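Step one of this worksheet: look at the structure below.
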Amino acid sequence: MAKQITETTSSSNSSAMSIKWTVFDSEKKLLKDMNREKYYGAIVIPKDFSEKLQSLTAPNAQKAELKIIINQGMGTTVTTQVNTALTQMTTQLNNKLSTNLLQNVANRSTSIPATMALNLSNPLTIKKKRLIKLAIWQMVAHISFNRYGLEA
């Protein structure tokens, strides 16, 4: 699944933003590099992603989860663009997966239980996490404003 996402988003298209993907063995390693300001954002795909997608056609269905992580310490303008791009990607992926899953089930069966149809129509849970690391100049400015009574 990760390969499919990276191939789709790395191909040349009309998007003004170019995305370079890096695969990590763990979220811990990713967060370490994000704290070092090496990355603006990430999509985390858990190891059980495919398993949970397949479970959506079973009675004990569990939605697959994706996590978007945005590094707010990298600057507002770029991180806003990255947030928008990653949100759009995960929404498009959710829609594509929904269409494929519903079609696969429809090809095998003439009727789909309502709860299964509901799960298949929105197969992903997308969570967002923001890393906030203030630069020294931001902290000094905040302290100075507070000192003179200009609190937000």
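Letters A, B, ... go to the chains of the structure tokens in the order shown; residues in each chain start at 1; ligands are counted from 1 in the same order.
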
*Exercise: segment 56-59 of chain A partners within 12 Å, only C-alpha atoms, chain neighbours under 2 positions left out, as a PyMOL selection string*: chain A and resi 49-54+61-64+97-98+101-106+108-109+112-124

Deliver the residues from the most recent selection as a file, using N, CA and C atoms, as an mmCIF file, in the first residue's frame.
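In the end it all went to part00.cif:
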```cif
data_model
loop_
_atom_site.group_PDB
_atom_site.id
_atom_site.type_symbol
_atom_site.label_atom_id
_atom_site.label_comp_id
_atom_site.auth_asym_id
_atom_site.auth_seq_id
_atom_site.Cartn_x
_atom_site.Cartn_y
_atom_site.Cartn_z
ATOM 1 N N PHE A 49 -2.346 -2.084 8.504
ATOM 2 C CA PHE A 49 -3.210 -1.329 7.601
ATOM 3 C C PHE A 49 -3.987 -2.243 6.649
ATOM 4 N N SER A 50 -3.295 -3.083 5.901
ATOM 5 C CA SER A 50 -3.947 -3.968 4.936
ATOM 6 C C SER A 50 -4.876 -4.975 5.626
ATOM 7 N N GLU A 51 -4.430 -5.483 6.760
ATOM 8 C CA GLU A 51 -5.234 -6.432 7.525
ATOM 9 C C GLU A 51 -6.573 -5.810 7.940
ATOM 10 N N LYS A 52 -6.517 -4.578 8.402
ATOM 11 C CA LYS A 52 -7.751 -3.901 8.818
ATOM 12 C C LYS A 52 -8.650 -3.591 7.621
ATOM 13 N N LEU A 53 -8.057 -3.243 6.493
ATOM 14 C CA LEU A 53 -8.867 -3.024 5.298
ATOM 15 C C LEU A 53 -9.616 -4.298 4.912
ATOM 16 N N GLN A 54 -8.936 -5.414 4.954
ATOM 17 C CA GLN A 54 -9.555 -6.692 4.615
ATOM 18 C C GLN A 54 -10.643 -7.073 5.608
ATOM 19 N N ALA A 61 -15.360 -5.969 11.791
ATOM 20 C CA ALA A 61 -14.654 -4.973 10.992
ATOM 21 C C ALA A 61 -13.975 -3.909 11.848
ATOM 22 N N GLN A 62 -12.765 -3.527 11.412
ATOM 23 C CA GLN A 62 -12.033 -2.420 12.018
ATOM 24 C C GLN A 62 -11.518 -1.535 10.893
ATOM 25 N N LYS A 63 -11.777 -0.257 11.003
ATOM 26 C CA LYS A 63 -11.285 0.660 9.976
ATOM 27 C C LYS A 63 -9.763 0.730 10.024
ATOM 28 N N ALA A 64 -9.176 0.881 8.860
ATOM 29 C CA ALA A 64 -7.734 1.085 8.779
ATOM 30 C C ALA A 64 -7.449 2.537 9.165
ATOM 31 N N LEU A 97 -10.097 3.710 -2.211
ATOM 32 C CA LEU A 97 -10.248 2.438 -1.505
ATOM 33 C C LEU A 97 -11.723 2.078 -1.348
ATOM 34 N N SER A 98 -12.533 3.060 -1.025
ATOM 35 C CA SER A 98 -13.968 2.835 -0.870
ATOM 36 C C SER A 98 -14.569 2.287 -2.163
ATOM 37 N N LEU A 101 -13.247 -1.338 -2.749
ATOM 38 C CA LEU A 101 -13.807 -2.300 -1.798
ATOM 39 C C LEU A 101 -15.284 -2.576 -2.088
ATOM 40 N N LEU A 102 -16.054 -1.523 -2.335
ATOM 41 C CA LEU A 102 -17.479 -1.703 -2.638
ATOM 42 C C LEU A 102 -17.670 -2.503 -3.926
ATOM 43 N N GLN A 103 -16.839 -2.225 -4.916
ATOM 44 C CA GLN A 103 -16.927 -2.956 -6.188
ATOM 45 C C GLN A 103 -16.583 -4.429 -5.995
ATOM 46 N N ASN A 104 -15.538 -4.710 -5.231
ATOM 47 C CA ASN A 104 -15.144 -6.104 -4.977
ATOM 48 C C ASN A 104 -16.245 -6.878 -4.266
ATOM 49 N N VAL A 105 -16.856 -6.258 -3.260
ATOM 50 C CA VAL A 105 -17.931 -6.921 -2.521
ATOM 51 C C VAL A 105 -19.158 -7.090 -3.415
ATOM 52 N N ALA A 106 -19.473 -6.070 -4.207
ATOM 53 C CA ALA A 106 -20.625 -6.141 -5.106
ATOM 54 C C ALA A 106 -20.443 -7.235 -6.157
ATOM 55 N N ARG A 108 -18.974 -10.036 -5.682
ATOM 56 C CA ARG A 108 -19.098 -11.343 -5.030
ATOM 57 C C ARG A 108 -20.498 -11.607 -4.493
ATOM 58 N N SER A 109 -21.262 -10.549 -4.266
ATOM 59 C CA SER A 109 -22.530 -10.701 -3.576
ATOM 60 C C SER A 109 -23.570 -9.759 -4.176
ATOM 61 N N ILE A 112 -25.385 -6.247 0.273
ATOM 62 C CA ILE A 112 -24.368 -5.892 1.257
ATOM 63 C C ILE A 112 -25.100 -5.409 2.507
ATOM 64 N N PRO A 113 -24.805 -5.988 3.669
ATOM 65 C CA PRO A 113 -25.431 -5.486 4.903
ATOM 66 C C PRO A 113 -25.129 -4.002 5.107
ATOM 67 N N ALA A 114 -26.053 -3.294 5.722
ATOM 68 C CA ALA A 114 -25.924 -1.841 5.906
ATOM 69 C C ALA A 114 -24.654 -1.461 6.662
ATOM 70 N N THR A 115 -24.327 -2.208 7.715
ATOM 71 C CA THR A 115 -23.123 -1.857 8.486
ATOM 72 C C THR A 115 -21.855 -2.052 7.658
ATOM 73 N N MET A 116 -21.848 -3.087 6.825
ATOM 74 C CA MET A 116 -20.686 -3.312 5.962
ATOM 75 C C MET A 116 -20.586 -2.197 4.925
ATOM 76 N N ALA A 117 -21.711 -1.819 4.347
ATOM 77 C CA ALA A 117 -21.710 -0.750 3.344
ATOM 78 C C ALA A 117 -21.207 0.558 3.958
ATOM 79 N N LEU A 118 -21.621 0.821 5.186
ATOM 80 C CA LEU A 118 -21.178 2.030 5.881
ATOM 81 C C LEU A 118 -19.664 2.020 6.080
ATOM 82 N N ASN A 119 -19.124 0.891 6.531
ATOM 83 C CA ASN A 119 -17.667 0.773 6.717
ATOM 84 C C ASN A 119 -16.920 0.877 5.399
ATOM 85 N N LEU A 120 -17.463 0.265 4.362
ATOM 86 C CA LEU A 120 -16.790 0.272 3.063
ATOM 87 C C LEU A 120 -16.861 1.640 2.392
ATOM 88 N N SER A 121 -17.865 2.429 2.723
ATOM 89 C CA SER A 121 -17.997 3.748 2.095
ATOM 90 C C SER A 121 -16.994 4.756 2.662
ATOM 91 N N ASN A 122 -16.450 4.455 3.817
ATOM 92 C CA ASN A 122 -15.455 5.328 4.444
ATOM 93 C C ASN A 122 -14.476 4.434 5.218
ATOM 94 N N PRO A 123 -13.582 3.741 4.497
ATOM 95 C CA PRO A 123 -12.769 2.708 5.135
ATOM 96 C C PRO A 123 -11.628 3.182 6.026
ATOM 97 N N LEU A 124 -11.274 4.455 5.943
ATOM 98 C CA LEU A 124 -10.109 4.932 6.696
ATOM 99 C C LEU A 124 -10.498 5.872 7.830
#
```

*Using backbone DSSP assignments, extract all helix (DSSP H, G or I) residues from segment 4-85 of chain A; output them as an MDAnalysis selection string.*
chainID A and resid 4:10 27:35 49:55 72:74 76:85

*Have a look at A:Ile68, A:Thr110, A:Ile45, A:Lys127 and name the one nearest to Phe24 of chain A; count only C-alpha atoms.*
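Closest residue, counting only C-alpha atoms: A:Ile45.
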
*Mind giving me the straight-line distance from atom CA of Thr125 of chain A to atom CA of Leu30 of chain A in Å, one decimal?*
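Those two atoms sit 20.4 Å apart.
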